[in-house]
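Visitor: You'll find query-v7.cif just under this line, and it carries mmCIF, C-alpha atoms.
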data_upload
loop_
_atom_site.group_PDB
_atom_site.id
_atom_site.type_symbol
_atom_site.label_atom_id
_atom_site.label_comp_id
_atom_site.auth_asym_id
_atom_site.auth_seq_id
_atom_site.Cartn_x
_atom_site.Cartn_y
_atom_site.Cartn_z
ATOM 1 C CA GLY A 1328 13.481 11.197 0.510
ATOM 2 C CA GLU A 1329 12.286 8.790 -2.146
ATOM 3 C CA ASN A 1330 10.348 10.369 -5.009
ATOM 4 C CA VAL A 1331 7.829 8.144 -6.809
ATOM 5 C CA GLU A 1332 5.736 9.433 -9.681
ATOM 6 C CA GLN A 1333 3.069 7.702 -11.706
ATOM 7 C CA HIS A 1334 1.833 8.755 -15.115
ATOM 8 C CA PRO A 1335 -0.834 9.248 -16.168
ATOM 9 C CA SER A 1336 -2.973 9.976 -13.106
ATOM 10 C CA THR A 1337 -6.106 8.973 -15.034
ATOM 11 C CA LEU A 1338 -6.493 6.775 -18.089
ATOM 12 C CA SER A 1339 -9.626 5.972 -20.051
ATOM 13 C CA VAL A 1340 -9.632 3.214 -22.659
ATOM 14 C CA GLN A 1341 -12.116 1.218 -24.661
ATOM 15 C CA GLU A 1342 -12.595 -2.441 -23.877
ATOM 16 C CA GLY A 1343 -10.015 -4.470 -25.773
ATOM 17 C CA ASP A 1344 -7.447 -1.669 -25.940
ATOM 18 C CA SER A 1345 -4.100 -1.782 -24.178
ATOM 19 C CA ALA A 1346 -3.193 0.371 -21.185
ATOM 20 C CA VAL A 1347 0.263 1.397 -19.986
ATOM 21 C CA ILE A 1348 1.075 3.064 -16.669
ATOM 22 C CA LYS A 1349 4.572 4.307 -15.956
ATOM 23 C CA CYS A 1350 6.259 4.684 -12.579
ATOM 24 C CA THR A 1351 9.480 6.625 -12.064
ATOM 25 C CA TYR A 1352 11.513 6.465 -8.867
ATOM 26 C CA SER A 1353 14.592 8.180 -7.536
ATOM 27 C CA ASP A 1354 16.294 5.637 -5.273
ATOM 28 C CA SER A 1355 18.912 3.840 -7.385
ATOM 29 C CA ALA A 1356 19.194 1.174 -4.660
ATOM 30 C CA SER A 1357 15.582 0.053 -5.169
ATOM 31 C CA ASN A 1358 15.497 -3.614 -6.161
ATOM 32 C CA TYR A 1359 11.857 -4.648 -5.913
ATOM 33 C CA PHE A 1360 9.008 -3.205 -7.997
ATOM 34 C CA PRO A 1361 5.418 -4.275 -7.342
ATOM 35 C CA TRP A 1362 2.089 -3.079 -8.692
ATOM 36 C CA TYR A 1363 -1.060 -3.081 -6.565
ATOM 37 C CA LYS A 1364 -4.650 -2.825 -7.781
ATOM 38 C CA GLN A 1365 -7.465 -1.315 -5.757
ATOM 39 C CA GLU A 1366 -11.015 -1.707 -6.991
ATOM 40 C CA LEU A 1367 -13.602 0.767 -5.809
ATOM 41 C CA GLY A 1368 -14.430 0.202 -2.138
ATOM 42 C CA LYS A 1369 -11.984 -2.673 -1.804
ATOM 43 C CA ARG A 1370 -8.526 -3.199 -0.375
ATOM 44 C CA PRO A 1371 -5.340 -2.982 -2.489
ATOM 45 C CA GLN A 1372 -4.036 -6.298 -3.803
ATOM 46 C CA LEU A 1373 -0.725 -7.230 -5.386
ATOM 47 C CA ILE A 1374 -1.143 -8.069 -9.073
ATOM 48 C CA ILE A 1375 2.412 -8.382 -10.306
ATOM 49 C CA ASP A 1376 5.957 -7.649 -9.184
ATOM 50 C CA ILE A 1377 9.466 -7.740 -10.585
ATOM 51 C CA ARG A 1378 12.924 -7.855 -9.104
ATOM 52 C CA SER A 1379 15.901 -5.918 -10.421
ATOM 53 C CA ASN A 1380 17.643 -8.911 -11.974
ATOM 54 C CA VAL A 1381 14.760 -9.309 -14.456
ATOM 55 C CA GLY A 1382 13.740 -6.929 -17.248
ATOM 56 C CA GLU A 1383 10.204 -8.127 -17.897
ATOM 57 C CA LYS A 1384 7.612 -10.374 -16.305
ATOM 58 C CA LYS A 1385 4.260 -11.492 -17.717
ATOM 59 C CA ASP A 1386 1.156 -12.976 -16.168
ATOM 60 C CA GLN A 1387 -1.610 -13.558 -18.698
ATOM 61 C CA ARG A 1388 -2.852 -10.106 -19.760
ATOM 62 C CA ILE A 1389 -0.606 -8.090 -17.471
ATOM 63 C CA ALA A 1390 3.119 -7.471 -17.701
ATOM 64 C CA VAL A 1391 5.688 -5.322 -15.952
ATOM 65 C CA THR A 1392 8.837 -3.995 -17.600
ATOM 66 C CA LEU A 1393 11.795 -2.483 -15.774
ATOM 67 C CA ASN A 1394 14.416 -0.027 -16.926
ATOM 68 C CA LYS A 1395 16.851 0.312 -14.013
ATOM 69 C CA THR A 1396 19.159 2.676 -15.878
ATOM 70 C CA ALA A 1397 16.370 5.179 -16.438
ATOM 71 C CA LYS A 1398 14.767 4.337 -13.061
ATOM 72 C CA HIS A 1399 11.280 3.547 -14.254
ATOM 73 C CA PHE A 1400 9.022 0.547 -14.539
ATOM 74 C CA SER A 1401 5.718 0.156 -16.332
ATOM 75 C CA LEU A 1402 2.515 -1.846 -16.020
ATOM 76 C CA HIS A 1403 1.065 -3.118 -19.296
ATOM 77 C CA ILE A 1404 -2.492 -4.441 -19.541
ATOM 78 C CA THR A 1405 -3.561 -5.939 -22.861
ATOM 79 C CA GLU A 1406 -7.109 -6.672 -24.052
ATOM 80 C CA THR A 1407 -8.559 -4.569 -21.267
ATOM 81 C CA GLN A 1408 -11.894 -5.567 -19.736
ATOM 82 C CA PRO A 1409 -14.355 -3.563 -17.583
ATOM 83 C CA GLU A 1410 -13.160 -5.461 -14.491
ATOM 84 C CA ASP A 1411 -9.701 -3.916 -15.005
ATOM 85 C CA SER A 1412 -11.230 -0.584 -13.969
ATOM 86 C CA ALA A 1413 -9.496 0.323 -10.704
ATOM 87 C CA VAL A 1414 -6.764 2.454 -9.170
ATOM 88 C CA TYR A 1415 -3.275 1.074 -9.767
ATOM 89 C CA PHE A 1416 -0.359 1.859 -7.469
ATOM 90 C CA CYS A 1417 3.318 1.286 -8.056
ATOM 91 C CA ALA A 1418 5.346 0.764 -4.885
ATOM 92 C CA PRO A 1419 9.118 0.524 -5.384
ATOM 93 C CA LEU A 1420 11.083 -0.667 -2.373
ATOM 94 C CA TYR A 1421 12.857 2.204 -0.713
ATOM 95 C CA GLN A 1422 16.518 1.994 0.357
ATOM 96 C CA ALA A 1423 16.829 -1.629 -0.686
ATOM 97 C CA GLY A 1424 14.862 -3.093 2.153
ATOM 98 C CA THR A 1425 13.093 -0.729 4.512
ATOM 99 C CA ALA A 1426 9.622 -0.042 3.170
ATOM 100 C CA LEU A 1427 7.542 0.256 0.038
ATOM 101 C CA ILE A 1428 6.819 3.786 -1.138
ATOM 102 C CA PHE A 1429 3.480 3.947 -2.922
ATOM 103 C CA GLY A 1430 2.851 6.246 -5.845
ATOM 104 C CA LYS A 1431 -0.236 8.455 -5.888
ATOM 105 C CA GLY A 1432 -2.129 6.033 -8.080
ATOM 106 C CA THR A 1433 -3.538 5.868 -11.614
ATOM 107 C CA THR A 1434 -7.271 5.582 -12.116
ATOM 108 C CA LEU A 1435 -7.986 3.300 -15.068
ATOM 109 C CA SER A 1436 -11.467 3.319 -16.573
ATOM 110 C CA VAL A 1437 -12.360 0.691 -19.168
ATOM 111 C CA SER A 1438 -15.577 1.352 -21.029
ATOM 112 C CA SER A 1439 -17.446 -1.297 -22.990
ATOM 113 C CA ASP B 994 -6.058 -17.576 2.923
ATOM 114 C CA VAL B 995 -4.600 -14.533 4.632
ATOM 115 C CA LYS B 996 -6.991 -12.578 6.764
ATOM 116 C CA VAL B 997 -6.260 -9.073 7.929
ATOM 117 C CA THR B 998 -9.059 -7.525 9.925
ATOM 118 C CA GLN B 999 -9.549 -4.051 11.342
ATOM 119 C CA SER B 1000 -11.671 -3.291 14.368
ATOM 120 C CA SER B 1001 -14.035 -0.799 12.724
ATOM 121 C CA ARG B 1002 -15.086 0.060 9.176
ATOM 122 C CA TYR B 1003 -16.331 3.501 10.170
ATOM 123 C CA LEU B 1004 -15.437 5.644 13.160
ATOM 124 C CA VAL B 1005 -16.493 9.153 14.161
ATOM 125 C CA LYS B 1006 -14.547 10.935 16.899
ATOM 126 C CA ARG B 1007 -14.285 14.421 18.349
ATOM 127 C CA THR B 1008 -11.246 16.661 18.201
ATOM 128 C CA GLY B 1009 -8.939 15.938 21.127
ATOM 129 C CA GLU B 1010 -10.157 12.398 21.726
ATOM 130 C CA LYS B 1011 -7.721 9.516 21.989
ATOM 131 C CA VAL B 1012 -8.398 7.043 19.207
ATOM 132 C CA PHE B 1013 -7.339 3.412 18.904
ATOM 133 C CA LEU B 1014 -7.384 1.573 15.587
ATOM 134 C CA GLU B 1015 -6.777 -2.152 15.857
ATOM 135 C CA CYS B 1016 -5.470 -4.550 13.228
ATOM 136 C CA VAL B 1017 -5.220 -8.322 13.517
ATOM 137 C CA GLN B 1018 -3.709 -10.829 11.087
ATOM 138 C CA ASP B 1019 -4.045 -14.576 11.324
ATOM 139 C CA MET B 1020 -1.124 -15.771 9.179
ATOM 140 C CA ASP B 1021 1.778 -15.458 11.626
ATOM 141 C CA HIS B 1022 3.229 -12.581 9.588
ATOM 142 C CA GLU B 1023 6.180 -10.756 11.062
ATOM 143 C CA ASN B 1024 5.719 -7.398 9.320
ATOM 144 C CA MET B 1025 2.764 -5.123 9.927
ATOM 145 C CA PHE B 1026 2.079 -1.659 8.528
ATOM 146 C CA TRP B 1027 -0.247 1.288 8.970
ATOM 147 C CA TYR B 1028 -1.053 3.569 6.013
ATOM 148 C CA ARG B 1029 -3.435 6.418 5.489
ATOM 149 C CA GLN B 1030 -5.105 6.888 2.136
ATOM 150 C CA ASP B 1031 -6.315 10.277 0.942
ATOM 151 C CA PRO B 1032 -7.651 11.178 -2.531
ATOM 152 C CA GLY B 1033 -4.841 12.169 -4.869
ATOM 153 C CA LEU B 1034 -2.136 11.306 -2.341
ATOM 154 C CA GLY B 1035 -2.041 7.523 -2.615
ATOM 155 C CA LEU B 1036 -1.045 5.417 0.369
ATOM 156 C CA ARG B 1037 1.299 7.044 2.835
ATOM 157 C CA LEU B 1038 3.145 4.959 5.403
ATOM 158 C CA ILE B 1039 2.650 6.037 9.010
ATOM 159 C CA TYR B 1040 4.470 3.327 10.984
ATOM 160 C CA PHE B 1041 5.552 -0.241 10.504
ATOM 161 C CA SER B 1042 6.794 -3.083 12.660
ATOM 162 C CA TYR B 1043 8.953 -6.081 11.777
ATOM 163 C CA ASP B 1044 8.712 -7.830 15.122
ATOM 164 C CA VAL B 1045 6.871 -7.753 18.421
ATOM 165 C CA LYS B 1046 7.623 -4.551 20.333
ATOM 166 C CA MET B 1047 9.603 -3.184 17.378
ATOM 167 C CA LYS B 1048 8.426 -0.143 15.428
ATOM 168 C CA GLU B 1049 9.796 2.084 12.711
ATOM 169 C CA LYS B 1050 8.572 5.489 11.560
ATOM 170 C CA GLY B 1051 7.224 5.810 8.077
ATOM 171 C CA ASP B 1052 6.781 8.994 6.068
ATOM 172 C CA ILE B 1053 4.140 10.688 8.227
ATOM 173 C CA PRO B 1054 4.415 9.553 11.872
ATOM 174 C CA GLU B 1055 3.608 12.930 13.445
ATOM 175 C CA GLY B 1056 0.488 12.799 15.601
ATOM 176 C CA TYR B 1057 0.453 8.988 15.686
ATOM 177 C CA SER B 1058 1.949 6.228 17.791
ATOM 178 C CA VAL B 1059 1.759 2.446 17.542
ATOM 179 C CA SER B 1060 1.834 -0.591 19.752
ATOM 180 C CA ARG B 1061 2.724 -4.181 18.956
ATOM 181 C CA GLU B 1062 2.525 -6.302 22.083
ATOM 182 C CA LYS B 1063 1.579 -9.501 20.247
ATOM 183 C CA LYS B 1064 2.678 -10.720 16.849
ATOM 184 C CA GLU B 1065 -0.800 -10.805 15.371
ATOM 185 C CA ARG B 1066 -1.947 -7.379 16.549
ATOM 186 C CA PHE B 1067 -0.781 -3.901 15.567
ATOM 187 C CA SER B 1068 -2.508 -0.854 16.998
ATOM 188 C CA LEU B 1069 -2.464 2.703 15.720
ATOM 189 C CA ILE B 1070 -3.060 5.397 18.317
ATOM 190 C CA LEU B 1071 -4.051 8.984 17.749
ATOM 191 C CA GLU B 1072 -3.166 10.612 21.068
ATOM 192 C CA SER B 1073 -5.297 13.693 20.447
ATOM 193 C CA ALA B 1074 -7.327 13.453 17.265
ATOM 194 C CA SER B 1075 -7.427 16.452 14.956
ATOM 195 C CA THR B 1076 -9.598 17.199 11.936
ATOM 196 C CA ASN B 1077 -6.638 16.779 9.567
ATOM 197 C CA GLN B 1078 -6.470 13.143 10.633
ATOM 198 C CA THR B 1079 -9.808 12.458 8.970
ATOM 199 C CA SER B 1080 -8.873 9.772 6.469
ATOM 200 C CA MET B 1081 -9.063 6.129 5.431
ATOM 201 C CA TYR B 1082 -6.631 4.035 7.471
ATOM 202 C CA LEU B 1083 -5.340 0.790 6.025
ATOM 203 C CA CYS B 1084 -3.452 -1.889 7.867
ATOM 204 C CA ALA B 1085 -1.294 -4.458 6.062
ATOM 205 C CA SER B 1086 0.898 -7.417 6.906
ATOM 206 C CA SER B 1087 3.622 -9.393 5.136
ATOM 207 C CA LEU B 1088 5.515 -12.544 5.901
ATOM 208 C CA SER B 1089 9.170 -11.951 6.691
ATOM 209 C CA GLY B 1090 10.729 -9.626 9.223
ATOM 210 C CA GLN B 1091 12.843 -6.924 7.603
ATOM 211 C CA ALA B 1092 12.453 -8.454 4.135
ATOM 212 C CA TYR B 1093 9.954 -6.162 2.519
ATOM 213 C CA THR B 1094 9.747 -7.907 -0.828
ATOM 214 C CA ASP B 1095 6.945 -10.141 0.385
ATOM 215 C CA THR B 1096 3.368 -9.482 -0.712
ATOM 216 C CA GLN B 1097 1.528 -7.063 1.535
ATOM 217 C CA TYR B 1098 -1.997 -8.137 2.488
ATOM 218 C CA PHE B 1099 -4.307 -5.314 3.363
ATOM 219 C CA GLY B 1100 -7.206 -5.041 5.751
ATOM 220 C CA PRO B 1101 -10.564 -3.571 4.657
ATOM 221 C CA GLY B 1102 -9.750 -0.128 6.031
ATOM 222 C CA THR B 1103 -11.209 2.134 8.711
ATOM 223 C CA ARG B 1104 -12.765 5.396 7.597
ATOM 224 C CA LEU B 1105 -12.138 7.809 10.445
ATOM 225 C CA THR B 1106 -13.921 11.128 10.669
ATOM 226 C CA VAL B 1107 -12.765 13.639 13.272
ATOM 227 C CA LEU B 1108 -15.287 16.386 14.000
#
Before anything else, please render the file you have as structure tokens.
Guide:
Amino acid sequence: GENVEQHPSTLSVQEGDSAVIKCTYSDSASNYFPWYKQELGKRPQLIIDIRSNVGEKKDQRIAVTLNKTAKHFSLHITETQPEDSAVYFCAPLYQAGTALIFGKGTTLSVSS
Amino acid sequence: DVKVTQSSRYLVKRTGEKVFLECVQDMDHENMFWYRQDPGLGLRLIYFSYDVKMKEKGDIPEGYSVSREKKERFSLILESASTNQTSMYLCASSLSGQAYTDTQYFGPGTRLTVL
């Protein structure tokens, strides 16, 4: 089956630093690559996504980059703030259209 | 504004009981999903449905069944609850049938404890 791995599993940064979370996947047919954020006690929410015909997408302080050849995509958060503290999940689309496969999550802690 | 609601936030059941978890969405979404979330394991897909009366198995369907009699409602059924089904259960919905690149909107979750 599909193998999705996120690294690191935990990440601690100082406010204002950048944070990068990497997601590797095994299904070469995957063509959709979202990131979800789950704050403590809340439901997951989509924060950014990218499709396989695009290499990078930015939305203010967050960006996603995709390397289809190497089968990984990364979430970049610049100028981190305490409210960025959350668990982040990558969820590449499995078998080009059946279901998202969520990674195990990365816990980001931003200290002020 | 999409609303996905789940029938209970917290539920405590006994081993062997039949358990129903209900999920309702109000945005006329075609796709609905059930996940369980456990520490260190992320979100694992149990079942999903892309249309009324249609269902597909996810990664961990054993011990669960689902029902989708109406478009807005997707039920998860534990036929005979066991302690290893103690978990947080999350429901989600997305817009288009069989096009899974749409945003998934999650419910608040049901924390189920099986004693």
Visitor: Give me the result of the PyMOL selection byres ((chain A) within 9 of (chain B)) on this file, residue by residue, as a list in words.
Guide: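 Output of the PyMOL selection byres ((chain A) within 9 of (chain B)): Gly1328, Ser1336, Asn1358, Tyr1359, Phe1360, Pro1361, Gly1368, Lys1369, Arg1370, Pro1371, Gln1372, Leu1373, Arg1378, Phe1416, Leu1420, Ala1423, Gly1424, Thr1425, Ala1426, Leu1427, Ile1428, Phe1429, Gly1430, Lys1431 and Gly1432 of chain A.
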Visitor: Write the residues of the selection above to a file with C-alpha atoms, as a PDB file, in the coordinates of the input.
Guide:
ATOM      1  CA  GLY A1328      13.481  11.197   0.510  1.00  0.00           C
ATOM      2  CA  SER A1336      -2.973   9.976 -13.106  1.00  0.00           C
ATOM      3  CA  ASN A1358      15.497  -3.614  -6.161  1.00  0.00           C
ATOM      4  CA  TYR A1359      11.857  -4.648  -5.913  1.00  0.00           C
ATOM      5  CA  PHE A1360       9.008  -3.205  -7.997  1.00  0.00           C
ATOM      6  CA  PRO A1361       5.418  -4.275  -7.342  1.00  0.00           C
ATOM      7  CA  GLY A1368     -14.430   0.202  -2.138  1.00  0.00           C
ATOM      8  CA  LYS A1369     -11.984  -2.673  -1.804  1.00  0.00           C
ATOM      9  CA  ARG A1370      -8.526  -3.199  -0.375  1.00  0.00           C
ATOM     10  CA  PRO A1371      -5.340  -2.982  -2.489  1.00  0.00           C
ATOM     11  CA  GLN A1372      -4.036  -6.298  -3.803  1.00  0.00           C
ATOM     12  CA  LEU A1373      -0.725  -7.230  -5.386  1.00  0.00           C
ATOM     13  CA  ARG A1378      12.924  -7.855  -9.104  1.00  0.00           C
ATOM     14  CA  PHE A1416      -0.359   1.859  -7.469  1.00  0.00           C
ATOM     15  CA  LEU A1420      11.083  -0.667  -2.373  1.00  0.00           C
ATOM     16  CA  ALA A1423      16.829  -1.629  -0.686  1.00  0.00           C
ATOM     17  CA  GLY A1424      14.862  -3.093   2.153  1.00  0.00           C
ATOM     18  CA  THR A1425      13.093  -0.729   4.512  1.00  0.00           C
ATOM     19  CA  ALA A1426       9.622  -0.042   3.170  1.00  0.00           C
ATOM     20  CA  LEU A1427       7.542   0.256   0.038  1.00  0.00           C
ATOM     21  CA  ILE A1428       6.819   3.786  -1.138  1.00  0.00           C
ATOM     22  CA  PHE A1429       3.480   3.947  -2.922  1.00  0.00           C
ATOM     23  CA  GLY A1430       2.851   6.246  -5.845  1.00  0.00           C
ATOM     24  CA  LYS A1431      -0.236   8.455  -5.888  1.00  0.00           C
ATOM     25  CA  GLY A1432      -2.129   6.033  -8.080  1.00  0.00           C
TER      26      GLY A1432
END
Visitor: Rounded to one decimal place, report the atom CA of Tyr1028 of chain B-atom CA of Met1081 of chain B distance in Å.
Guide: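 Computing the Euclidean distance for atom CA of Tyr1028 of chain B and atom CA of Met1081 of chain B yields 8.4 Å.
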Visitor: For this structure, which residues satisfy the selection - the PyMOL selection byres ((chain A and resi 1413) around 9) - when it is evaluated on the file as given? I want them as a PyMOL selection string.
Guide: chain A and resi 1364-1367+1410-1412+1414-1415+1433-1437
Visitor: What would the file look like if the residues just selected were written as a short mmCIF file (atom, residue, chain, number, x, y, z; two decimals), in the frame of the given file with C-alpha atoms?
Guide:
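Below is the file that was written, result-v1.cif:
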data_model
loop_
_atom_site.label_atom_id
_atom_site.label_comp_id
_atom_site.auth_asym_id
_atom_site.auth_seq_id
_atom_site.Cartn_x
_atom_site.Cartn_y
_atom_site.Cartn_z
CA LYS A 1364 -4.65 -2.82 -7.78
CA GLN A 1365 -7.46 -1.32 -5.76
CA GLU A 1366 -11.02 -1.71 -6.99
CA LEU A 1367 -13.60 0.77 -5.81
CA GLU A 1410 -13.16 -5.46 -14.49
CA ASP A 1411 -9.70 -3.92 -15.00
CA SER A 1412 -11.23 -0.58 -13.97
CA VAL A 1414 -6.76 2.45 -9.17
CA TYR A 1415 -3.28 1.07 -9.77
CA THR A 1433 -3.54 5.87 -11.61
CA THR A 1434 -7.27 5.58 -12.12
CA LEU A 1435 -7.99 3.30 -15.07
CA SER A 1436 -11.47 3.32 -16.57
CA VAL A 1437 -12.36 0.69 -19.17
#
Visitor: Would you pick out the contacts of Ser1068 of chain B at 8 Å or less, using all atoms listed in the file, so that residues sharing its chain but fewer than 5 positions from it are not included, and give the list as number ranges by chain?
Guide: B: 1013-1016, 1059-1061
Visitor: Just so the selection is clear, what residues does the PyMOL selection byres ((chain B and resi 1072-1079) around 6) cover here, as a PyMOL selection string?
Guide: chain B and resi 1008-1011+1070-1071+1080+1105-1107
Visitor: Atom CA of Thr1351 of chain A and atom CA of Ser1401 of chain A are how many Å apart?
Guide: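 So the answer is 8.6 Å.
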Visitor: Set the distance at 10 Å and use only C-alpha atoms: which residues neighbour Val1391 of chain A once local chain neighbours fewer than 4 positions away are removed? I'd like the list as a ChimeraX atom specification.
Guide: /A:1347-1349,1360-1362,1375-1377,1382-1386,1400-1404
Visitor: Take the residues just selected and output them with C-alpha atoms as a PDB file, in the frame of the given file.
Guide:
ATOM      1  CA  VAL A1347       0.263   1.397 -19.986  1.00  0.00           C
ATOM      2  CA  ILE A1348       1.075   3.064 -16.669  1.00  0.00           C
ATOM      3  CA  LYS A1349       4.572   4.307 -15.956  1.00  0.00           C
ATOM      4  CA  PHE A1360       9.008  -3.205  -7.997  1.00  0.00           C
ATOM      5  CA  PRO A1361       5.418  -4.275  -7.342  1.00  0.00           C
ATOM      6  CA  TRP A1362       2.089  -3.079  -8.692  1.00  0.00           C
ATOM      7  CA  ILE A1375       2.412  -8.382 -10.306  1.00  0.00           C
ATOM      8  CA  ASP A1376       5.957  -7.649  -9.184  1.00  0.00           C
ATOM      9  CA  ILE A1377       9.466  -7.740 -10.585  1.00  0.00           C
ATOM     10  CA  GLY A1382      13.740  -6.929 -17.248  1.00  0.00           C
ATOM     11  CA  GLU A1383      10.204  -8.127 -17.897  1.00  0.00           C
ATOM     12  CA  LYS A1384       7.612 -10.374 -16.305  1.00  0.00           C
ATOM     13  CA  LYS A1385       4.260 -11.492 -17.717  1.00  0.00           C
ATOM     14  CA  ASP A1386       1.156 -12.976 -16.168  1.00  0.00           C
ATOM     15  CA  PHE A1400       9.022   0.547 -14.539  1.00  0.00           C
ATOM     16  CA  SER A1401       5.718   0.156 -16.332  1.00  0.00           C
ATOM     17  CA  LEU A1402       2.515  -1.846 -16.020  1.00  0.00           C
ATOM     18  CA  HIS A1403       1.065  -3.118 -19.296  1.00  0.00           C
ATOM     19  CA  ILE A1404      -2.492  -4.441 -19.541  1.00  0.00           C
TER      20      ILE A1404
END
Visitor: Provide the atom CA of Lys1048 of chain B to atom CA of Met1025 of chain B distance in Å, to one decimal place.
Guide: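 Straight-line distance from atom CA of Lys1048 of chain B to atom CA of Met1025 of chain B works out to 9.3 Å.
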Visitor: Residues proximal to (13.3, 8.6, -2.5) were defined as those with any atom within 10 Å of that point in the file's coordinates, counting only C-alpha atoms. Which are they, as a PyMOL selection string?
Guide: chain A and resi 1328-1331+1352-1357+1419-1422+1428
Visitor: Find the residues near Thr1407 of chain A: any atom within 9 Å, counting all atoms listed in the file, skip ones fewer than 4 places away on the same chain, and give them as a PyMOL selection string.
Guide: chain A and resi 1340-1346+1388+1411-1412+1437
Visitor: Would you compute the box with edges along x, y and z of the file around segment 1332-1346 of chain A, including every atom the file lists for it and 5 Å extra on each side, and give its centre and edge lengths in Å to one decimal, as lines of an AutoDock Vina configuration file?
Guide:
center_x = -3.4
center_y = 2.8
center_z = -17.8
size_x = 28.3
size_y = 24.4
size_z = 26.3
Visitor: So which one's closest to Trp1027 of chain B, B:Lys1050, B:Lys1063, B:Lys996, B:Arg1002? Using all atoms listed in the file, please.
Guide: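 Using all atoms listed in the file, the shortest distance to Trp1027 of chain B belongs to B:Lys1050.
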Visitor: How would segment 1019-1030 of chain B look with N, CA and C atoms restored, written as an mmCIF file, keeping the file's coordinate frame?
Guide:
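Result went into part.cif, see below:
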data_model
loop_
_atom_site.group_PDB
_atom_site.id
_atom_site.type_symbol
_atom_site.label_atom_id
_atom_site.label_comp_id
_atom_site.auth_asym_id
_atom_site.auth_seq_id
_atom_site.Cartn_x
_atom_site.Cartn_y
_atom_site.Cartn_z
ATOM 1 N N ASP B 1019 -3.992 -13.203 10.821
ATOM 2 C CA ASP B 1019 -4.045 -14.576 11.324
ATOM 3 C C ASP B 1019 -3.056 -15.509 10.636
ATOM 4 N N MET B 1020 -2.037 -14.925 9.951
ATOM 5 C CA MET B 1020 -1.124 -15.771 9.179
ATOM 6 C C MET B 1020 0.292 -15.787 9.742
ATOM 7 N N ASP B 1021 0.458 -15.403 10.992
ATOM 8 C CA ASP B 1021 1.778 -15.458 11.626
ATOM 9 C C ASP B 1021 2.806 -14.595 10.883
ATOM 10 N N HIS B 1022 2.328 -13.493 10.287
ATOM 11 C CA HIS B 1022 3.229 -12.581 9.588
ATOM 12 C C HIS B 1022 4.062 -11.787 10.570
ATOM 13 N N GLU B 1023 5.297 -11.519 10.179
ATOM 14 C CA GLU B 1023 6.180 -10.756 11.062
ATOM 15 C C GLU B 1023 6.035 -9.247 10.864
ATOM 16 N N ASN B 1024 5.813 -8.835 9.603
ATOM 17 C CA ASN B 1024 5.719 -7.398 9.320
ATOM 18 C C ASN B 1024 4.278 -6.935 9.381
ATOM 19 N N MET B 1025 4.076 -5.763 9.967
ATOM 20 C CA MET B 1025 2.764 -5.123 9.927
ATOM 21 C C MET B 1025 2.951 -3.634 9.673
ATOM 22 N N PHE B 1026 1.955 -3.039 9.022
ATOM 23 C CA PHE B 1026 2.079 -1.659 8.528
ATOM 24 C C PHE B 1026 0.777 -0.902 8.773
ATOM 25 N N TRP B 1027 0.900 0.397 8.973
ATOM 26 C CA TRP B 1027 -0.247 1.288 8.970
ATOM 27 C C TRP B 1027 -0.033 2.374 7.915
ATOM 28 N N TYR B 1028 -1.046 2.534 7.036
ATOM 29 C CA TYR B 1028 -1.053 3.569 6.013
ATOM 30 C C TYR B 1028 -2.290 4.429 6.205
ATOM 31 N N ARG B 1029 -2.212 5.661 5.699
ATOM 32 C CA ARG B 1029 -3.435 6.418 5.489
ATOM 33 C C ARG B 1029 -3.569 6.696 3.997
ATOM 34 N N GLN B 1030 -4.830 6.685 3.548
ATOM 35 C CA GLN B 1030 -5.105 6.888 2.136
ATOM 36 C C GLN B 1030 -6.012 8.083 1.966
#
